[in-house]
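Here is the structure we will look at.
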Amino acid sequence: MRWWLAFLVLTVLYLSRLDGWVLQDPDEGRYAEIPREMIESGDWLTPRLNYVNYFEKPPLLYWAIATAFTVFGQSEGVARLVPALSALACIALTYLLGTWLLSRRAAFFGSVLLGTSPLFFAFSQGLVIDMLLTALLTAVLVAFLAAHRATSKTPWVLAAALASGAAVLAKGLIGLVIPGTIALAFLAVSRDWITTKAFLSWKPIALFLAVTVPWFALVSSRNPEFLEFFFLHEHLRRFASDVGHPEGPLYYLPVLFLGALPWTLMFSGLAFSGEARSAAVRIPREAVLFLGLWAGIVLVFFSLASSKLAGYILPAFPPLALLAGAWVDEMSEARVFKKALSINAAALLSLSAVALVVSLAGVTATGAIAEAFRFEPQDVRALAAALGWCGVVVALVLLVHGALARRGRAGSDFAFVATAFAVALALTAAIEARAILKTSYVVAEVARERLAVGEQLVAYKILMQGLPYYTGERVVMVDYAGEIWHGAKHASDRQAFFWSKLHQLVDAWAARPLLLVTKTSRLEELREILVPPPVVLVQDRDRVLLGREVDVPADESASDRSS
């Protein structure tokens, strides 16, 4: 009963704040625009961004969002529904796995720890692929463990193959490589050759190929350049080279620690206690082996890759949360655990007091803070609101913590839940800070009014990925060589929508009204070469939308000024 109550609370928290926040660039704008273009074109086979082929990721996320748009209508909240539901599915799968490997109490603690980890929650609220992939990889490994334990292995082996195929359609070969490596390592250590043989039989292989091959075959037959780009550039080169997001080999250690605060701080302190270490030894060996291999292989794999992002490590969170939940279960009656809970609560209360003070300062001295830190005033107000709500909810929930922690084992459980509830509410309140992130909405809102009377939208040395989504229009790219350049090279209308020479912009600007978006830092450069001089229509942080307010004769070209 308490699991269902906790899951209901997490469901409300995870789904309650999806809407009312504009999409952020680049990821949310990109992953909402591709499904929008699928619906507009009627082509759900070839993903497109700004109307050119986009082959960096397979289509499962796009299909899911396009389906949600079709059923519920197009909005920011609907766009974010897929990662949020994926996160809830992952929490439920983690609980199920915990009941098999450990106990219901350990599964309860582990799933609550997972659901209240800040990094896990943050990625459930943003439109990115990582949470969908994490849920699918968790499903593969849950089915794998069920196959390992079952007498009749075929249904579970097929379920694992189906989930792995879906993971490949979500983010490529990693959907097979990661769970396959974990499964083979566990089977080898366990010497379970029967399950190994079941996974290598023709039925799961055929099902996996039936799920994955059709899309890859069809899209490559229509786009001959797909296979080379997707498998060589997006997989091998991105893993082995500094293409993308290069970071050092220890990058994920602080990500894991900070991403699970305040829990990691509490468990780090408990590691120094002999009583707590004795409790850890009592965790079942099979669970330690399976969950340890799972988390360890994910960590090592992504640490070896040159390109790193925080979200890549999310698949390690479910096994680590279950190990932590098993530890809590084993030491819930220990005095050191009760003390750790009290210290953790005191630390959270202290942080809530600091948050309230900073929030009050942000409200009363918005202008001075904005000027001192070079923030926009609205950003200061958004951060102040987020900190204020965090401080209030944490303080209110933890006021009862001290009394609960002293009432034996049940008291420890209630104190743990109270802490988790405080963290969950704080995470939900912190969404207010999303308002300060980069978005194309402000620029698009002004641009839509001008586009309605026939002006064309042009971007100079910049890609605002949410701009096509919010305007519903294709953006002409000038002097651009970024993320969608591969698709542009193979576009039949490349000459019309990708201008490689600056004089093309200068001539077009002189000949007809345009809307021009670029970085604010390039404003003076453009004022020197464009005739008539551009006028600032709206500015969104470091991006600016320019318009042409004064008409000039079409033959009065200013191309000579660009030389």
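Letters A, B, ... mark the chains of the structure tokens in the order given; residue numbers begin at 1 per chain; ligand numbers begin at 1, in order shown.
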
Excluding segment 441-450 of chain A and any residue of its chain fewer than 4 positions from it, enumerate the residues within 6 Å of it, using only C-alpha atoms, and give them as a list in words.
-> Leu467, Tyr470 and Thr471 of chain A

Which neighbours of Thr520 of chain A fall inside 8 Å, counting only C-alpha atoms, when residues of the same chain fewer than 5 positions from it are skipped, and could you give them as a PyMOL selection string?
-> chain A and resi 539+542-544

Go ahead and save the picked residues with C-alpha atoms, as a short mmCIF file (atom, residue, chain, number, x, y, z; two decimals), in the first residue's frame.
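That gives us out36.cif:
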data_model
loop_
_atom_site.label_atom_id
_atom_site.label_comp_id
_atom_site.auth_asym_id
_atom_site.auth_seq_id
_atom_site.Cartn_x
_atom_site.Cartn_y
_atom_site.Cartn_z
CA GLN A 539 16.35 40.69 -28.03
CA ASP A 542 22.46 36.87 -26.53
CA ARG A 543 20.20 36.56 -29.60
CA VAL A 544 18.53 39.37 -31.47
#

Smallest atom-to-atom distance to Ala107 of chain A: which of A:Ile529, A:Leu451, A:Leu322, A:Leu49, using only C-alpha atoms?
-> A:Leu322

Per residue of segment 309-367 of chain A within 9 Å of segment 244-261 of chain A, which atom pair is closest and at what distance in Å (one decimal), using only C-alpha atoms, listed by chain and increasing number, as a Markdown table?
| residue | atom | partner | partner_atom | distance |
| --- | --- | --- | --- | --- |
| A:Leu309 | CA | A:His245 | CA | 6.7 |
| A:Ala310 | CA | A:Val255 | CA | 6.5 |
| A:Ile313 | CA | A:Tyr252 | CA | 7.1 |
| A:Leu314 | CA | A:Leu256 | CA | 8.9 |
| A:Ala316 | CA | A:Leu256 | CA | 8.9 |
| A:Phe317 | CA | A:Leu256 | CA | 8.3 |

Store the residues picked out above, limited to N, CA, C and O atoms, as a PDB file, in the first residue's frame.
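In the end it all went to out13.pdb:
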ATOM      1  N   LEU A 309      28.070  13.680 -21.794  1.00  0.00           N
ATOM      2  CA  LEU A 309      27.048  14.589 -21.284  1.00  0.00           C
ATOM      3  C   LEU A 309      26.460  13.975 -20.022  1.00  0.00           C
ATOM      4  O   LEU A 309      26.444  12.743 -19.870  1.00  0.00           O
ATOM      5  N   ALA A 310      25.952  14.807 -19.134  1.00  0.00           N
ATOM      6  CA  ALA A 310      25.463  14.317 -17.840  1.00  0.00           C
ATOM      7  C   ALA A 310      24.379  13.259 -17.993  1.00  0.00           C
ATOM      8  O   ALA A 310      24.342  12.273 -17.245  1.00  0.00           O
ATOM      9  N   ILE A 313      24.753   9.116 -18.151  1.00  0.00           N
ATOM     10  CA  ILE A 313      24.974   8.240 -16.998  1.00  0.00           C
ATOM     11  C   ILE A 313      23.663   7.822 -16.324  1.00  0.00           C
ATOM     12  O   ILE A 313      23.672   7.014 -15.384  1.00  0.00           O
ATOM     13  N   LEU A 314      22.530   8.314 -16.788  1.00  0.00           N
ATOM     14  CA  LEU A 314      21.245   7.992 -16.154  1.00  0.00           C
ATOM     15  C   LEU A 314      20.975   6.492 -16.027  1.00  0.00           C
ATOM     16  O   LEU A 314      20.385   6.065 -15.028  1.00  0.00           O
ATOM     17  N   ALA A 316      22.723   4.250 -15.012  1.00  0.00           N
ATOM     18  CA  ALA A 316      23.351   3.713 -13.793  1.00  0.00           C
ATOM     19  C   ALA A 316      22.540   4.044 -12.543  1.00  0.00           C
ATOM     20  O   ALA A 316      22.791   3.452 -11.481  1.00  0.00           O
ATOM     21  N   PHE A 317      21.583   4.936 -12.626  1.00  0.00           N
ATOM     22  CA  PHE A 317      20.837   5.355 -11.440  1.00  0.00           C
ATOM     23  C   PHE A 317      19.932   4.267 -10.870  1.00  0.00           C
ATOM     24  O   PHE A 317      19.876   4.093  -9.645  1.00  0.00           O
TER      25      PHE A 317
END

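Considering the residues A:Val140, A:Leu351, A:Val531, A:Leu546 and counting only C-alpha atoms, Trp509 of chain A has its shortest atom-to-atom contact with A:Val531.
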
What's around Ala170 of chain A at 10 Å? Count only C-alpha atoms, leave out sequence neighbours fewer than 6 positions away in its own chain, and write the answer as an mmCIF file with C-alpha atoms, in the first residue's frame.
data_model
loop_
_atom_site.group_PDB
_atom_site.id
_atom_site.type_symbol
_atom_site.label_atom_id
_atom_site.label_comp_id
_atom_site.auth_asym_id
_atom_site.auth_seq_id
_atom_site.Cartn_x
_atom_site.Cartn_y
_atom_site.Cartn_z
ATOM 1 C CA LYS A 57 19.249 9.773 -33.654
ATOM 2 C CA PRO A 58 16.776 7.013 -34.572
ATOM 3 C CA PRO A 59 13.063 7.864 -34.622
ATOM 4 C CA LEU A 60 11.415 6.258 -31.565
ATOM 5 C CA LEU A 61 11.268 9.445 -29.478
ATOM 6 C CA TYR A 62 10.037 11.422 -32.483
ATOM 7 C CA TRP A 63 7.317 8.864 -33.176
ATOM 8 C CA ILE A 129 16.120 11.083 -25.298
ATOM 9 C CA ASP A 130 18.073 9.991 -22.196
ATOM 10 C CA LEU A 132 13.337 7.080 -22.654
ATOM 11 C CA LEU A 133 16.581 5.175 -23.211
ATOM 12 C CA LEU A 136 14.061 0.861 -22.037
ATOM 13 C CA SER A 164 16.409 -3.974 -26.634
#

Secondary structure check, helix (DSSP H, G or I) residues of segment 29-222 of chain A, as a ChimeraX atom specification | /A:29-41,60-72,76-79,81-101,104-115,118-124,130-149,154-171,174-190,193-199,202-222

In terms of only C-alpha atoms, the residue from A:Val112, A:Val82, A:Ala324, A:Leu97 at minimal distance from Trp4 of chain A is A:Val112

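Excluding Ala68 of chain A itself and same-chain residues fewer than 3 positions from it, the residues having an atom within 9 Å of it are Trp63, Ala64, Ile65, Val71, Phe72, Gly73, Gln74, Val78, Ala79, Leu81 and Val82 of chain A, counting only C-alpha atoms.
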
Write the residues of the selection above to a file with N, CA, C and O atoms, as a PDB file, in the first residue's frame.
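File produced: part-v6.pdb:
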ATOM      1  N   TRP A  63       8.604   9.514 -32.946  1.00  0.00           N
ATOM      2  CA  TRP A  63       7.317   8.864 -33.176  1.00  0.00           C
ATOM      3  C   TRP A  63       6.408   9.000 -31.956  1.00  0.00           C
ATOM      4  O   TRP A  63       5.212   9.250 -32.090  1.00  0.00           O
ATOM      5  N   ALA A  64       6.981   8.819 -30.783  1.00  0.00           N
ATOM      6  CA  ALA A  64       6.182   8.903 -29.552  1.00  0.00           C
ATOM      7  C   ALA A  64       5.622  10.303 -29.363  1.00  0.00           C
ATOM      8  O   ALA A  64       4.442  10.484 -29.005  1.00  0.00           O
ATOM      9  N   ILE A  65       6.446  11.324 -29.599  1.00  0.00           N
ATOM     10  CA  ILE A  65       5.983  12.709 -29.416  1.00  0.00           C
ATOM     11  C   ILE A  65       4.986  13.088 -30.502  1.00  0.00           C
ATOM     12  O   ILE A  65       3.976  13.754 -30.227  1.00  0.00           O
ATOM     13  N   VAL A  71      -2.692  12.990 -30.706  1.00  0.00           N
ATOM     14  CA  VAL A  71      -3.781  12.607 -29.801  1.00  0.00           C
ATOM     15  C   VAL A  71      -4.215  13.763 -28.907  1.00  0.00           C
ATOM     16  O   VAL A  71      -5.408  14.038 -28.756  1.00  0.00           O
ATOM     17  N   PHE A  72      -3.230  14.463 -28.320  1.00  0.00           N
ATOM     18  CA  PHE A  72      -3.549  15.467 -27.296  1.00  0.00           C
ATOM     19  C   PHE A  72      -3.408  16.912 -27.776  1.00  0.00           C
ATOM     20  O   PHE A  72      -3.760  17.834 -27.045  1.00  0.00           O
ATOM     21  N   GLY A  73      -2.858  17.126 -28.967  1.00  0.00           N
ATOM     22  CA  GLY A  73      -2.613  18.482 -29.428  1.00  0.00           C
ATOM     23  C   GLY A  73      -1.186  18.906 -29.142  1.00  0.00           C
ATOM     24  O   GLY A  73      -0.499  18.324 -28.303  1.00  0.00           O
ATOM     25  N   GLN A  74      -0.764  19.933 -29.813  1.00  0.00           N
ATOM     26  CA  GLN A  74       0.632  20.375 -29.740  1.00  0.00           C
ATOM     27  C   GLN A  74       0.810  21.407 -28.631  1.00  0.00           C
ATOM     28  O   GLN A  74       0.190  22.464 -28.636  1.00  0.00           O
ATOM     29  N   VAL A  78       2.628  18.495 -23.553  1.00  0.00           N
ATOM     30  CA  VAL A  78       2.481  17.235 -24.287  1.00  0.00           C
ATOM     31  C   VAL A  78       3.833  16.767 -24.810  1.00  0.00           C
ATOM     32  O   VAL A  78       4.150  15.569 -24.785  1.00  0.00           O
ATOM     33  N   ALA A  79       4.660  17.687 -25.269  1.00  0.00           N
ATOM     34  CA  ALA A  79       5.984  17.323 -25.762  1.00  0.00           C
ATOM     35  C   ALA A  79       6.824  16.675 -24.669  1.00  0.00           C
ATOM     36  O   ALA A  79       7.603  15.743 -24.932  1.00  0.00           O
ATOM     37  N   LEU A  81       5.684  14.968 -22.168  1.00  0.00           N
ATOM     38  CA  LEU A  81       4.986  13.845 -21.554  1.00  0.00           C
ATOM     39  C   LEU A  81       5.759  12.543 -21.694  1.00  0.00           C
ATOM     40  O   LEU A  81       5.778  11.718 -20.768  1.00  0.00           O
ATOM     41  N   VAL A  82       6.418  12.334 -22.825  1.00  0.00           N
ATOM     42  CA  VAL A  82       7.132  11.072 -23.064  1.00  0.00           C
ATOM     43  C   VAL A  82       8.263  10.854 -22.061  1.00  0.00           C
ATOM     44  O   VAL A  82       8.335   9.795 -21.429  1.00  0.00           O
TER      45      VAL A  82
END

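By chain and then residue number, the residues within 12 Å of Ala488 of chain A are A:Arg48, A:Leu49, A:Asn50, A:Tyr51, A:Val52, A:Asn53, A:Tyr54, A:Phe55, A:Val476, A:Met477, A:Val478, A:Tyr480, A:Ala481, A:Gly482, A:Glu483, A:Ile484, A:Trp485, A:His486, A:His490, A:Ala491, A:Ser492, A:Asp493, A:Arg494, A:Gln495, A:Ala496, A:Phe497, A:Phe498, A:Trp499, A:Ser500, counting only C-alpha atoms and disregarding those fewer than 2 positions away in sequence.
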
Given only C-alpha atoms as the counted atoms, nearest of A:Ala384, A:Leu323, A:Ala147, A:Leu502 to Ser111 of chain A = A:Leu323

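Of the residues under consideration (A:Arg527, A:Lys489, A:Arg80, A:Arg30), A:Arg80 shows the shortest atom-to-atom contact distance to Arg17 of chain A when counting only C-alpha atoms.
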
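Atom CA of Leu270 of chain A to atom CA of Phe416 of chain A spans 14.6 Å [interatomic distance, one decimal].
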